[in-house]
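Asker: Let me begin by handing over the structure; questions about it come next.
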Amino acid sequence: MKNYAKPGEVMYHVGLSVEMLQGARYALVPGDPGRVEDLAKALDPDAVFLACHREFASWLASVAGEPVLVMSSGMGGPCITFVVEELGRLGVTTFIRVGTTGSLQEDLDLGDVVISKAAVRMDGASKAYAPPEFPAVADLDVTVALRDAAKETQVPFG
């Protein structure tokens, strides 16, 4: 049985409850709290502020009638672990990291849009969830949806 939050329970690190998320299953996750409001308002000019607890700033937007959480993760594996675990308890099922990324590809320029299919696991946090030889591969359906949306809106990506 999944360890869902109880009604009214506020998650310790992110400062959010099930009720605050209004059924949001999707979360866009930039690292920097300073990017959250602008990203949420780019999705929905009527986006609303939810909370700011520690480095976790959160806003709720609506996209095509679907609530979408935009929340900062802070820096590093331990911080994103708090975000994923606590939001998972609140019913969020899909996380999309939005922001800067390192790259091993020399042909990428600053500001290029990258839709990652996989990542090198050179961190410590992921070892708590899977053995080192298990690949860090993105969900195929989400990756394809991001690619299709970029094509439809004519946003160049790599």
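Going by the structure tokens order, chains are called A, B, ..., each with residues numbered from 1, while ligands are numbered from 1 in the order shown.
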What residues in range 36-148 of chain A get the DSSP label strand (DSSP E)? Please answer as a list in words.

Answerer: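 Here are the strand (DSSP E) residues of range 36-148 of chain A: Val48, Phe49, Leu50, Ala51, Cys52, His53, Phe56, Ala57, Ser58, Trp59, Leu60, Ala61, Ser62, Val63, Glu66, Pro67, Val68, Leu69, Val70, Met71, Thr94, Phe95, Ile96, Arg97, Ala118, Ala119, Ala136 and Val137 of chain A.
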
Asker: Near Tyr26 in chain A, within 9 Å and counting only C-alpha atoms, which residues show up once chain neighbours fewer than 4 positions away are dropped, as a PyMOL selection string?

Answerer: chain A and resi 66-70+92-96

Asker: Kindly save the residues from that selection, with C-alpha atoms included, as a PDB file, in the first residue's frame.

Answerer:
```
ATOM      1  CA  GLU A  66      -5.465  20.372 -15.519  1.00  0.00           C
ATOM      2  CA  PRO A  67      -3.776  21.609 -12.332  1.00  0.00           C
ATOM      3  CA  VAL A  68       0.015  21.707 -12.678  1.00  0.00           C
ATOM      4  CA  LEU A  69       2.344  22.328  -9.766  1.00  0.00           C
ATOM      5  CA  VAL A  70       5.476  24.392 -10.352  1.00  0.00           C
ATOM      6  CA  VAL A  92       1.974  13.814  -7.946  1.00  0.00           C
ATOM      7  CA  THR A  93       2.986  11.113 -10.428  1.00  0.00           C
ATOM      8  CA  THR A  94       4.933  12.938 -13.161  1.00  0.00           C
ATOM      9  CA  PHE A  95       7.936  15.186 -12.540  1.00  0.00           C
ATOM     10  CA  ILE A  96       9.557  17.247 -15.277  1.00  0.00           C
TER      11      ILE A  96
END
```

Asker: Return the single residue from A:Ala40, A:Ala125, A:Val137, A:Val63 that is closest to Ile80 in chain A, with distances computed using only C-alpha atoms.

Answerer: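 Of all the options, A:Ala125 lies closest to Ile80 in chain A.
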
Asker: I'd like the neighbourhood of Val10 in chain A as an NGL selection string, where a residue qualifies if any of its atoms comes within 12 Å (using only C-alpha atoms), though same-chain residues fewer than 3 positions away should be ignored.

Answerer: :A and (4-7 or 13-21 or 51 or 53 or 86-87 or 89-90)

Asker: Please provide as a list in words all residues within 10 Å of Leu39 in chain A, with the sequence filter that same-chain residues fewer than 4 positions apart are discarded (counting only C-alpha atoms).

Answerer: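 Non-adjacent residues within range: Leu28, Val29, Pro30, Gly34, Arg35, Leu43, Asp44, Pro45, Ala47, Trp59, Ala61, Val70, Met71 and Val98 of chain A.
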
Asker: Write out as a VMD selection string all residues of chain A that backbone DSSP assigns to helix (DSSP H, G or I).

Answerer: chain A and resid 18 to 21 33 to 43 77 to 89 125 to 128 140 to 152

Asker: Using N, CA and C atoms, can you write the selected residues to a file as a short mmCIF file (atom, residue, chain, number, x, y, z; two decimals), in the first residue's frame?

Answerer:
```cif
data_model
loop_
_atom_site.label_atom_id
_atom_site.label_comp_id
_atom_site.auth_asym_id
_atom_site.auth_seq_id
_atom_site.Cartn_x
_atom_site.Cartn_y
_atom_site.Cartn_z
N VAL A 18 -2.40 17.75 0.32
CA VAL A 18 -3.20 17.25 -0.81
C VAL A 18 -4.20 18.31 -1.25
N GLU A 19 -4.85 18.93 -0.29
CA GLU A 19 -5.88 19.91 -0.61
C GLU A 19 -5.30 21.10 -1.40
N MET A 20 -4.11 21.53 -1.05
CA MET A 20 -3.48 22.67 -1.73
C MET A 20 -3.20 22.37 -3.20
N LEU A 21 -2.92 21.11 -3.52
CA LEU A 21 -2.56 20.74 -4.90
C LEU A 21 -3.76 20.59 -5.82
N PRO A 33 14.32 28.75 -6.71
CA PRO A 33 13.02 29.29 -6.31
C PRO A 33 12.65 30.57 -7.06
N GLY A 34 13.65 31.31 -7.52
CA GLY A 34 13.40 32.55 -8.24
C GLY A 34 12.80 32.35 -9.62
N ARG A 35 12.78 31.14 -10.14
CA ARG A 35 12.22 30.86 -11.47
C ARG A 35 10.78 30.37 -11.41
N VAL A 36 10.29 30.03 -10.25
CA VAL A 36 9.00 29.36 -10.11
C VAL A 36 7.83 30.25 -10.54
N GLU A 37 7.75 31.45 -10.01
CA GLU A 37 6.62 32.33 -10.32
C GLU A 37 6.53 32.62 -11.82
N ASP A 38 7.64 32.97 -12.44
CA ASP A 38 7.62 33.29 -13.88
C ASP A 38 7.20 32.08 -14.71
N LEU A 39 7.69 30.91 -14.36
CA LEU A 39 7.33 29.70 -15.10
C LEU A 39 5.84 29.40 -14.93
N ALA A 40 5.34 29.50 -13.70
CA ALA A 40 3.92 29.23 -13.45
C ALA A 40 3.05 30.21 -14.22
N LYS A 41 3.43 31.49 -14.23
CA LYS A 41 2.62 32.50 -14.92
C LYS A 41 2.76 32.39 -16.44
N ALA A 42 3.86 31.83 -16.93
CA ALA A 42 3.98 31.57 -18.36
C ALA A 42 2.99 30.49 -18.79
N LEU A 43 2.75 29.53 -17.90
CA LEU A 43 1.77 28.48 -18.17
C LEU A 43 0.35 29.00 -18.03
N GLY A 77 20.93 16.21 -5.11
CA GLY A 77 20.12 15.01 -4.94
C GLY A 77 19.29 14.96 -3.67
N PRO A 78 19.85 15.31 -2.51
CA PRO A 78 19.03 15.24 -1.29
C PRO A 78 17.80 16.15 -1.35
N CYS A 79 17.93 17.33 -1.92
CA CYS A 79 16.78 18.24 -2.00
C CYS A 79 15.71 17.71 -2.95
N ILE A 80 16.11 17.21 -4.11
CA ILE A 80 15.12 16.67 -5.04
C ILE A 80 14.46 15.42 -4.45
N THR A 81 15.18 14.72 -3.59
CA THR A 81 14.59 13.56 -2.92
C THR A 81 13.43 13.99 -2.03
N PHE A 82 13.59 15.07 -1.29
CA PHE A 82 12.48 15.58 -0.48
C PHE A 82 11.28 15.88 -1.36
N VAL A 83 11.53 16.57 -2.48
CA VAL A 83 10.46 16.97 -3.39
C VAL A 83 9.72 15.76 -3.93
N VAL A 84 10.44 14.81 -4.49
CA VAL A 84 9.81 13.66 -5.12
C VAL A 84 9.06 12.80 -4.09
N GLU A 85 9.69 12.55 -2.97
CA GLU A 85 9.03 11.70 -1.97
C GLU A 85 7.79 12.37 -1.39
N GLU A 86 7.89 13.63 -1.01
CA GLU A 86 6.74 14.29 -0.39
C GLU A 86 5.64 14.58 -1.39
N LEU A 87 5.98 15.02 -2.59
CA LEU A 87 4.93 15.25 -3.59
C LEU A 87 4.30 13.93 -4.04
N GLY A 88 5.08 12.87 -4.10
CA GLY A 88 4.54 11.56 -4.39
C GLY A 88 3.49 11.15 -3.38
N ARG A 89 3.73 11.45 -2.12
CA ARG A 89 2.74 11.16 -1.07
C ARG A 89 1.47 11.98 -1.27
N ALA A 125 22.22 10.32 -4.18
CA ALA A 125 20.83 10.10 -3.78
C ALA A 125 20.17 8.93 -4.50
N SER A 126 20.43 8.78 -5.80
CA SER A 126 19.73 7.73 -6.56
C SER A 126 20.13 6.33 -6.11
N LYS A 127 21.26 6.21 -5.46
CA LYS A 127 21.70 4.88 -4.98
C LYS A 127 20.77 4.32 -3.91
N ALA A 128 19.99 5.20 -3.27
CA ALA A 128 19.03 4.75 -2.27
C ALA A 128 17.80 4.11 -2.91
N LEU A 140 9.17 7.07 -21.31
CA LEU A 140 9.05 7.20 -22.76
C LEU A 140 7.86 8.07 -23.15
N ASP A 141 6.71 7.88 -22.53
CA ASP A 141 5.52 8.66 -22.88
C ASP A 141 5.73 10.14 -22.61
N VAL A 142 6.35 10.48 -21.50
CA VAL A 142 6.60 11.89 -21.18
C VAL A 142 7.61 12.48 -22.15
N THR A 143 8.66 11.73 -22.46
CA THR A 143 9.67 12.20 -23.40
C THR A 143 9.06 12.46 -24.78
N VAL A 144 8.22 11.56 -25.26
CA VAL A 144 7.58 11.73 -26.56
C VAL A 144 6.62 12.92 -26.53
N ALA A 145 5.89 13.08 -25.44
CA ALA A 145 4.97 14.22 -25.33
C ALA A 145 5.73 15.55 -25.36
N LEU A 146 6.87 15.61 -24.67
CA LEU A 146 7.69 16.82 -24.70
C LEU A 146 8.22 17.10 -26.10
N ARG A 147 8.69 16.04 -26.77
CA ARG A 147 9.20 16.19 -28.14
C ARG A 147 8.09 16.67 -29.08
N ASP A 148 6.91 16.06 -28.97
CA ASP A 148 5.79 16.45 -29.84
C ASP A 148 5.36 17.88 -29.58
N ALA A 149 5.34 18.30 -28.31
CA ALA A 149 4.96 19.67 -27.97
C ALA A 149 5.99 20.66 -28.51
N ALA A 150 7.26 20.33 -28.44
CA ALA A 150 8.30 21.21 -28.98
C ALA A 150 8.16 21.34 -30.49
N LYS A 151 7.89 20.25 -31.16
CA LYS A 151 7.69 20.29 -32.62
C LYS A 151 6.47 21.13 -32.97
N GLU A 152 5.37 20.89 -32.25
CA GLU A 152 4.12 21.59 -32.53
C GLU A 152 4.26 23.11 -32.34
#
```

Asker: Near range 106-112 of chain A, within 10 Å and counting only C-alpha atoms, which residues show up once chain neighbours fewer than 5 positions away are dropped, as a list in words?

Answerer: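 Close residues of range 106-112 of chain A: Gly99, Thr100, Val155, Pro156, Phe157 and Gly158 of chain A.
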
Asker: Using N, CA and C atoms, can you export the residues from the last selection as a tab-separated table (two decimals), in the first residue's frame?

Answerer:
```tsv
chain	number	residue	atom	x	y	z
A	99	GLY	N	15.14	23.48	-16.28
A	99	GLY	CA	16.23	24.35	-15.86
A	99	GLY	C	17.55	23.94	-16.45
A	100	THR	N	18.61	24.32	-15.79
A	100	THR	CA	19.94	24.06	-16.31
A	100	THR	C	20.29	22.59	-16.19
A	155	VAL	N	9.62	24.89	-31.29
A	155	VAL	CA	10.75	25.19	-30.40
A	155	VAL	C	11.87	24.23	-30.76
A	156	PRO	N	13.01	24.73	-31.22
A	156	PRO	CA	14.12	23.82	-31.53
A	156	PRO	C	14.65	23.16	-30.26
A	157	PHE	N	14.98	21.90	-30.37
A	157	PHE	CA	15.47	21.16	-29.20
A	157	PHE	C	16.50	20.14	-29.64
A	158	GLY	N	17.24	19.67	-28.64
A	158	GLY	CA	18.24	18.65	-28.89
A	158	GLY	C	18.03	17.47	-28.00
```

Asker: Please, what distance in Å, to one decimal, runs between CA of Gly76 in chain A and CA of Pro131 in chain A?

Answerer: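 Distance between the two atoms: 18.9 Å.
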